[in-house]
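Okay, data24.pdb is below, PDB, C-alpha atoms, pLDDT in the B column:
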```pdb
ATOM      1  CA  VAL Z1406     129.609 110.687 126.932  1.00 90.00           C
ATOM      2  CA  LYS Z1407     126.644 113.002 126.373  1.00 92.00           C
ATOM      3  CA  HIS Z1408     128.941 116.024 125.975  1.00 92.00           C
ATOM      4  CA  LEU Z1409     131.104 114.120 123.506  1.00 89.00           C
ATOM      5  CA  VAL Z1410     128.096 113.131 121.393  1.00 90.00           C
ATOM      6  CA  LEU Z1411     126.779 116.712 121.400  1.00 92.00           C
ATOM      7  CA  PHE Z1412     130.223 118.045 120.487  1.00 89.00           C
ATOM      8  CA  LEU Z1413     130.609 115.566 117.614  1.00 87.00           C
ATOM      9  CA  HIS Z1414     127.083 116.305 116.355  1.00 89.00           C
ATOM     10  CA  GLU Z1415     127.867 120.026 116.302  1.00 87.00           C
ATOM     11  CA  ALA Z1416     131.342 119.666 114.794  1.00 84.00           C
ATOM     12  CA  VAL Z1417     130.585 116.987 112.194  1.00 85.00           C
ATOM     13  CA  LEU Z1418     126.943 117.421 111.193  1.00 85.00           C
ATOM     14  CA  VAL Z1419     125.935 120.992 111.994  1.00 85.00           C
ATOM     15  CA  GLN Z1420     129.189 122.460 110.668  1.00 84.00           C
ATOM     16  CA  TYR Z1421     129.065 120.161 107.646  1.00 86.00           C
ATOM     17  CA  MET Z1422     131.044 122.483 105.354  1.00 86.00           C
ATOM     18  CA  ASP Z1423     134.148 122.033 107.525  1.00 84.00           C
ATOM     19  CA  THR Z1424     133.561 118.287 107.429  1.00 85.00           C
ATOM     20  CA  LEU Z1425     133.113 118.249 103.638  1.00 89.00           C
ATOM     21  CA  LYS Z1426     136.476 119.983 103.154  1.00 88.00           C
ATOM     22  CA  LEU Z1427     138.103 116.805 104.407  1.00 89.00           C
ATOM     23  CA  ALA Z1428     136.445 114.654 101.743  1.00 90.00           C
ATOM     24  CA  VAL Z1429     139.105 115.770  99.255  1.00 91.00           C
ATOM     25  CA  PRO Z1430     142.214 114.588 101.127  1.00 92.00           C
ATOM     26  CA  SER Z1431     140.375 111.491 102.316  1.00 91.00           C
ATOM     27  CA  LEU Z1432     139.512 110.501  98.745  1.00 92.00           C
ATOM     28  CA  ILE Z1433     143.080 111.197  97.658  1.00 93.00           C
ATOM     29  CA  TYR Z1434     144.560 109.158 100.529  1.00 91.00           C
ATOM     30  CA  THR Z1435     142.278 106.235  99.634  1.00 90.00           C
ATOM     31  CA  LEU Z1436     143.352 106.477  95.990  1.00 91.00           C
ATOM     32  CA  GLN Z1437     146.989 106.702  97.088  1.00 93.00           C
ATOM     33  CA  ASN Z1438     146.722 103.505  99.128  1.00 90.00           C
ATOM     34  CA  ASN Z1439     145.290 101.630  96.144  1.00 91.00           C
ATOM     35  CA  LEU Z1440     148.022 102.997  93.886  1.00 94.00           C
ATOM     36  CA  GLN Z1441     150.627 101.716  96.325  1.00 94.00           C
ATOM     37  CA  TYR Z1442     149.226  98.192  95.993  1.00 94.00           C
ATOM     38  CA  VAL Z1443     149.452  98.450  92.210  1.00 95.00           C
ATOM     39  CA  ALA Z1444     153.007  99.783  92.461  1.00 95.00           C
ATOM     40  CA  ILE Z1445     154.317  97.151  94.853  1.00 94.00           C
ATOM     41  CA  SER Z1446     152.701  94.440  92.724  1.00 94.00           C
ATOM     42  CA  ASN Z1447     154.628  95.634  89.672  1.00 93.00           C
ATOM     43  CA  LEU Z1448     158.002  96.640  91.111  1.00 90.00           C
ATOM     44  CA  PRO Z1449     160.635  94.944  93.237  1.00 88.00           C
ATOM     45  CA  ALA Z1450     160.242  95.982  96.875  1.00 85.00           C
ATOM     46  CA  ALA Z1451     163.549  97.880  97.026  1.00 82.00           C
ATOM     47  CA  THR Z1452     162.759  99.817  93.846  1.00 84.00           C
ATOM     48  CA  PHE Z1453     159.323 100.702  95.169  1.00 89.00           C
ATOM     49  CA  GLN Z1454     160.746 101.928  98.483  1.00 87.00           C
ATOM     50  CA  VAL Z1455     163.393 104.109  96.865  1.00 85.00           C
ATOM     51  CA  THR Z1456     161.051 105.511  94.205  1.00 86.00           C
ATOM     52  CA  TYR Z1457     158.332 106.246  96.751  1.00 90.00           C
ATOM     53  CA  GLN Z1458     160.723 108.689  98.412  1.00 87.00           C
ATOM     54  CA  LEU Z1459     159.751 111.092  95.612  1.00 89.00           C
ATOM     55  CA  LYS Z1460     156.806 111.971  97.860  1.00 91.00           C
ATOM     56  CA  ILE Z1461     159.268 114.185  99.756  1.00 91.00           C
ATOM     57  CA  LEU Z1462     159.911 116.139  96.549  1.00 90.00           C
ATOM     58  CA  THR Z1463     156.224 116.431  95.638  1.00 93.00           C
ATOM     59  CA  THR Z1464     155.314 117.530  99.166  1.00 94.00           C
ATOM     60  CA  ALA Z1465     157.984 120.223  99.045  1.00 94.00           C
ATOM     61  CA  LEU Z1466     156.768 121.441  95.649  1.00 94.00           C
ATOM     62  CA  PHE Z1467     153.134 121.575  96.788  1.00 96.00           C
ATOM     63  CA  SER Z1468     154.208 123.391  99.976  1.00 95.00           C
ATOM     64  CA  VAL Z1469     155.915 126.041  97.894  1.00 95.00           C
ATOM     65  CA  LEU Z1470     152.932 126.367  95.537  1.00 95.00           C
ATOM     66  CA  MET Z1471     150.006 126.108  97.963  1.00 95.00           C
ATOM     67  CA  LEU Z1472     151.402 127.449 101.244  1.00 93.00           C
ATOM     68  CA  ASN Z1473     153.789 130.040  99.777  1.00 93.00           C
ATOM     69  CA  ARG Z1474     156.727 128.500 101.599  1.00 93.00           C
ATOM     70  CA  SER Z1475     160.253 129.225 100.522  1.00 93.00           C
ATOM     71  CA  LEU Z1476     163.059 126.704 100.532  1.00 91.00           C
ATOM     72  CA  SER Z1477     166.732 127.457 101.029  1.00 93.00           C
ATOM     73  CA  ARG Z1478     169.327 126.586  98.415  1.00 94.00           C
ATOM     74  CA  LEU Z1479     170.489 123.699 100.595  1.00 95.00           C
ATOM     75  CA  GLN Z1480     166.951 122.317 100.721  1.00 93.00           C
ATOM     76  CA  TRP Z1481     166.583 122.591  96.933  1.00 92.00           C
ATOM     77  CA  ALA Z1482     169.975 120.911  96.480  1.00 93.00           C
ATOM     78  CA  SER Z1483     168.905 118.106  98.817  1.00 92.00           C
ATOM     79  CA  LEU Z1484     165.716 117.596  96.842  1.00 90.00           C
ATOM     80  CA  LEU Z1485     167.701 117.515  93.599  1.00 90.00           C
ATOM     81  CA  LEU Z1486     170.038 114.933  95.115  1.00 92.00           C
ATOM     82  CA  LEU Z1487     167.051 112.824  96.169  1.00 87.00           C
ATOM     83  CA  PHE Z1488     165.571 113.015  92.677  1.00 85.00           C
ATOM     84  CA  THR Z1489     168.930 112.055  91.147  1.00 88.00           C
ATOM     85  CA  GLY Z1490     169.190 109.028  93.412  1.00 85.00           C
ATOM     86  CA  VAL Z1491     165.716 107.853  92.461  1.00 82.00           C
ATOM     87  CA  ALA Z1492     166.505 108.364  88.776  1.00 81.00           C
ATOM     88  CA  ILE Z1493     169.668 106.256  89.108  1.00 84.00           C
ATOM     89  CA  VAL Z1494     167.745 103.433  90.764  1.00 79.00           C
ATOM     90  CA  GLN Z1495     165.117 103.552  88.020  1.00 75.00           C
ATOM     91  CA  ALA Z1496     167.795 103.564  85.308  1.00 77.00           C
ATOM     92  CA  GLN Z1497     169.435 100.499  86.868  1.00 76.00           C
ATOM     93  CA  GLN Z1498     166.058  98.787  87.037  1.00 68.00           C
ATOM     94  CA  ALA Z1499     165.338  99.612  83.398  1.00 64.00           C
ATOM     95  CA  GLY Z1500     168.786  98.292  82.449  1.00 65.00           C
ATOM     96  CA  GLY Z1501     167.685  94.828  83.470  1.00 61.00           C
ATOM     97  CA  GLY Z1502     169.183  94.482  86.909  1.00 56.00           C
ATOM     98  CA  GLY Z1503     168.179  90.818  86.917  1.00 61.00           C
ATOM     99  CA  PRO Z1504     165.226  88.629  86.110  1.00 61.00           C
ATOM    100  CA  ARG Z1505     161.823  89.953  87.048  1.00 64.00           C
ATOM    101  CA  PRO Z1506     158.644  87.996  87.602  1.00 68.00           C
ATOM    102  CA  LEU Z1507     156.513  87.671  84.486  1.00 70.00           C
ATOM    103  CA  ASP Z1508     153.481  89.172  86.159  1.00 82.00           C
ATOM    104  CA  GLN Z1509     155.283  92.441  86.990  1.00 86.00           C
ATOM    105  CA  ASN Z1510     155.089  95.457  84.690  1.00 90.00           C
ATOM    106  CA  PRO Z1511     157.684  98.088  85.696  1.00 88.00           C
ATOM    107  CA  GLY Z1512     156.023 100.799  83.583  1.00 91.00           C
ATOM    108  CA  VAL Z1513     152.717 100.360  85.384  1.00 95.00           C
ATOM    109  CA  GLY Z1514     154.538 100.199  88.713  1.00 94.00           C
ATOM    110  CA  LEU Z1515     156.473 103.393  88.054  1.00 92.00           C
ATOM    111  CA  ALA Z1516     153.338 105.231  86.906  1.00 96.00           C
ATOM    112  CA  ALA Z1517     151.510 104.089  90.044  1.00 96.00           C
ATOM    113  CA  VAL Z1518     154.369 105.238  92.304  1.00 95.00           C
ATOM    114  CA  VAL Z1519     154.549 108.660  90.629  1.00 95.00           C
ATOM    115  CA  ALA Z1520     150.764 109.111  90.878  1.00 97.00           C
ATOM    116  CA  SER Z1521     150.897 107.989  94.509  1.00 96.00           C
ATOM    117  CA  CYS Z1522     153.689 110.454  95.276  1.00 95.00           C
ATOM    118  CA  LEU Z1523     151.805 113.311  93.641  1.00 96.00           C
ATOM    119  CA  SER Z1524     148.605 112.463  95.477  1.00 95.00           C
ATOM    120  CA  SER Z1525     150.466 112.086  98.782  1.00 94.00           C
ATOM    121  CA  GLY Z1526     152.133 115.469  98.431  1.00 95.00           C
ATOM    122  CA  PHE Z1527     148.937 117.243  97.432  1.00 96.00           C
ATOM    123  CA  ALA Z1528     146.761 115.627 100.108  1.00 94.00           C
ATOM    124  CA  GLY Z1529     149.279 116.297 102.865  1.00 93.00           C
ATOM    125  CA  VAL Z1530     149.695 119.957 101.993  1.00 95.00           C
ATOM    126  CA  TYR Z1531     145.952 120.428 101.438  1.00 94.00           C
ATOM    127  CA  PHE Z1532     145.275 118.895 104.868  1.00 91.00           C
ATOM    128  CA  GLU Z1533     147.868 121.199 106.432  1.00 92.00           C
ATOM    129  CA  LYS Z1534     146.189 124.174 104.762  1.00 92.00           C
ATOM    130  CA  ILE Z1535     142.835 123.093 106.205  1.00 89.00           C
ATOM    131  CA  LEU Z1536     144.348 122.719 109.680  1.00 87.00           C
ATOM    132  CA  LYS Z1537     145.935 126.161 109.560  1.00 88.00           C
ATOM    133  CA  GLY Z1538     142.779 127.809 108.250  1.00 85.00           C
ATOM    134  CA  SER Z1539     140.327 126.456 110.802  1.00 82.00           C
ATOM    135  CA  SER Z1540     139.706 126.534 114.500  1.00 80.00           C
ATOM    136  CA  GLY Z1541     139.026 122.798 114.841  1.00 78.00           C
ATOM    137  CA  SER Z1542     141.521 120.644 116.685  1.00 83.00           C
ATOM    138  CA  VAL Z1543     143.785 118.129 114.977  1.00 86.00           C
ATOM    139  CA  TRP Z1544     141.847 115.397 116.801  1.00 89.00           C
ATOM    140  CA  LEU Z1545     138.555 116.571 115.285  1.00 88.00           C
ATOM    141  CA  ARG Z1546     140.030 116.925 111.792  1.00 88.00           C
ATOM    142  CA  ASN Z1547     141.504 113.413 111.999  1.00 88.00           C
ATOM    143  CA  LEU Z1548     138.114 112.080 113.074  1.00 89.00           C
ATOM    144  CA  GLN Z1549     136.437 113.788 110.114  1.00 89.00           C
ATOM    145  CA  LEU Z1550     139.142 112.513 107.785  1.00 89.00           C
ATOM    146  CA  GLY Z1551     138.704 109.011 109.187  1.00 90.00           C
ATOM    147  CA  LEU Z1552     134.940 109.091 108.674  1.00 89.00           C
ATOM    148  CA  PHE Z1553     135.353 109.799 104.972  1.00 88.00           C
ATOM    149  CA  GLY Z1554     138.257 107.380 104.660  1.00 88.00           C
ATOM    150  CA  THR Z1555     136.243 104.571 106.205  1.00 90.00           C
ATOM    151  CA  ALA Z1556     133.242 105.270 103.983  1.00 89.00           C
ATOM    152  CA  LEU Z1557     135.355 105.485 100.825  1.00 86.00           C
ATOM    153  CA  GLY Z1558     137.312 102.374 101.764  1.00 83.00           C
ATOM    154  CA  LEU Z1559     134.113 100.416 102.289  1.00 88.00           C
ATOM    155  CA  VAL Z1560     132.760 101.584  98.927  1.00 87.00           C
ATOM    156  CA  GLY Z1561     135.998 100.469  97.292  1.00 78.00           C
ATOM    157  CA  LEU Z1562     135.850  97.145  99.090  1.00 80.00           C
TER     158      LEU Z1562
END
```
How does this structure look as structure tokens?
Amino acid sequence: VKHLVLFLHEAVLVQYMDTLKLAVPSLIYTLQNNLQYVAISNLPAATFQVTYQLKILTTALFSVLMLNRSLSRLQWASLLLLFTGVAIVQAQQAGGGGPRPLDQNPGVGLAAVVASCLSSGFAGVYFEKILKGSSGSVWLRNLQLGLFGTALGLVGL
């Protein structure tokens, strides 16, 4: 236990700059979780689930931009197909696919899902970039991420 405490003190407090790097994705993940609550409160569950799959597209785009990854034509075509499917579902929803509860606002729900997808893609790729650019283990980085997430969640609470 003593070695664990000394290790955590060194890794989290003494090397505080590495720890602070994880404040960004932690804040974004906390924001993303709150946006998901707004989205699911304003969209039918099926529409939310299908639209939230746009996070795959945003993650791919951020991977290309931030990690200099390249995607094959098949991968780009698959992403285009995914986007088309989401657009069709949204068009059907906008066309009045049935009665909706009065307290739901599809515009707010859609905006919240899109913001959540963007934040999910950015935070995931940023976290991957941190992992690849540091010597700390995934376990340690998750602990640091969790520390900020807990603190930010409690502030939000």
List the neighbours of Z:Leu1470 out to 12 Å using all atoms listed in the file; skip same-chain residues closer than 4 positions along the sequence, and give me the result as number ranges by chain. Z: 1463-1466, 1474-1476, 1526-1527, 1530-1531, 1534
Could you write out the selected residues, including C-alpha atoms, as a PDB file, in the coordinates of the input?
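Listed below is the output, result.pdb:
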```pdb
ATOM      1  CA  THR Z1463     156.224 116.431  95.638  1.00 93.00           C
ATOM      2  CA  THR Z1464     155.314 117.530  99.166  1.00 94.00           C
ATOM      3  CA  ALA Z1465     157.984 120.223  99.045  1.00 94.00           C
ATOM      4  CA  LEU Z1466     156.768 121.441  95.649  1.00 94.00           C
ATOM      5  CA  ARG Z1474     156.727 128.500 101.599  1.00 93.00           C
ATOM      6  CA  SER Z1475     160.253 129.225 100.522  1.00 93.00           C
ATOM      7  CA  LEU Z1476     163.059 126.704 100.532  1.00 91.00           C
ATOM      8  CA  GLY Z1526     152.133 115.469  98.431  1.00 95.00           C
ATOM      9  CA  PHE Z1527     148.937 117.243  97.432  1.00 96.00           C
ATOM     10  CA  VAL Z1530     149.695 119.957 101.993  1.00 95.00           C
ATOM     11  CA  TYR Z1531     145.952 120.428 101.438  1.00 94.00           C
ATOM     12  CA  LYS Z1534     146.189 124.174 104.762  1.00 92.00           C
TER      13      LYS Z1534
END
```
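Residues matching the PyMOL selection byres ((chain Z and resi 1548) around 12) in this structure come to Z:Leu1413, Z:Ala1416, Z:Val1417, Z:Thr1424, Z:Leu1427, Z:Ala1428, Z:Ser1431, Z:Gly1541, Z:Ser1542, Z:Val1543, Z:Trp1544, Z:Leu1545, Z:Arg1546, Z:Asn1547, Z:Gln1549, Z:Leu1550, Z:Gly1551, Z:Leu1552, Z:Phe1553, Z:Gly1554, Z:Thr1555.
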Among Z:Val1518, Z:Leu1472, Z:Leu1487, Z:Leu1559, Z:Glu1533 is approached most closely, using all atoms listed in the file, by Z:Leu1472
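Shortest atom-to-atom contact with Z:Leu1436 among Z:Gln1497, Z:Ser1521, Z:Ser1540, Z:Gln1480: Z:Ser1521, counting all atoms listed in the file.
Evaluated against the shown file, the PyMOL selection byres ((chain Z and resi 1442) around 12) gives Z:Thr1435, Z:Leu1436, Z:Gln1437, Z:Asn1438, Z:Asn1439, Z:Leu1440, Z:Gln1441, Z:Val1443, Z:Ala1444, Z:Ile1445, Z:Ser1446, Z:Asn1447, Z:Leu1448, Z:Ala1450, Z:Phe1453, Z:Val1513, Z:Gly1514, Z:Leu1515, Z:Ala1517, Z:Val1518, Z:Ser1521.
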Using all atoms listed in the file: which of Z:Pro1449, Z:Pro1511, Z:Gly1490, Z:Gly1558 has the shortest distance to Z:Ile1433: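 Looking at the shortest contact to Z:Ile1433, the residue is Z:Gly1558.
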By how many Å are atom CA of Z:Cys1522 and atom CA of Z:Ala1496 apart?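 So the answer is 18.6 Å.
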Grab all the atoms of stretch 1433-1445 of chain Z that the file lists, wrap them in a box along x, y and z, add 8 Å per side, and give me centre plus edge lengths in Å (one decimal) as AutoDock Vina command-line options.
```
--center_x 148.3 --center_y 104.2 --center_z 96.4 --size_x 28.0 --size_y 30.0 --size_z 24.3
```
Atom pair atom CA of Z:Ala1528 / atom CA of Z:His1414: separation (Å):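 Separation of atom CA of Z:Ala1528 and atom CA of Z:His1414: 25.5 Å.
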Quick one: distance from atom CA of Z:Gln1454 to atom CA of Z:Gln1495 in Å, one decimal?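 Separation of atom CA of Z:Gln1454 and atom CA of Z:Gln1495: 11.5 Å.
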Residue with smallest distance to Z:Val1494 - pool Z:Ile1461, Z:Met1471, Z:Ala1520, Z:Ala1451, counting all atoms listed in the file: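 Checking each candidate against Z:Val1494, we get Z:Ala1451 as the closest.
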Here is a test: counting all atoms listed in the file, which residue of Z:Ile1535, Z:Val1429, Z:Leu1409, Z:Ala1492 is nearest to Z:Tyr1457?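 The shortest atom-to-atom distance to Z:Tyr1457 comes from Z:Ala1492.
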Would you please work out which residue, of Z:Leu1425, Z:Leu1432, Z:Ala1482, Z:Leu1523, is nearest to Z:Phe1467 when using only C-alpha atoms?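 Nearest candidate to Z:Phe1467 out of Z:Leu1425, Z:Leu1432, Z:Ala1482, Z:Leu1523: Z:Leu1523.
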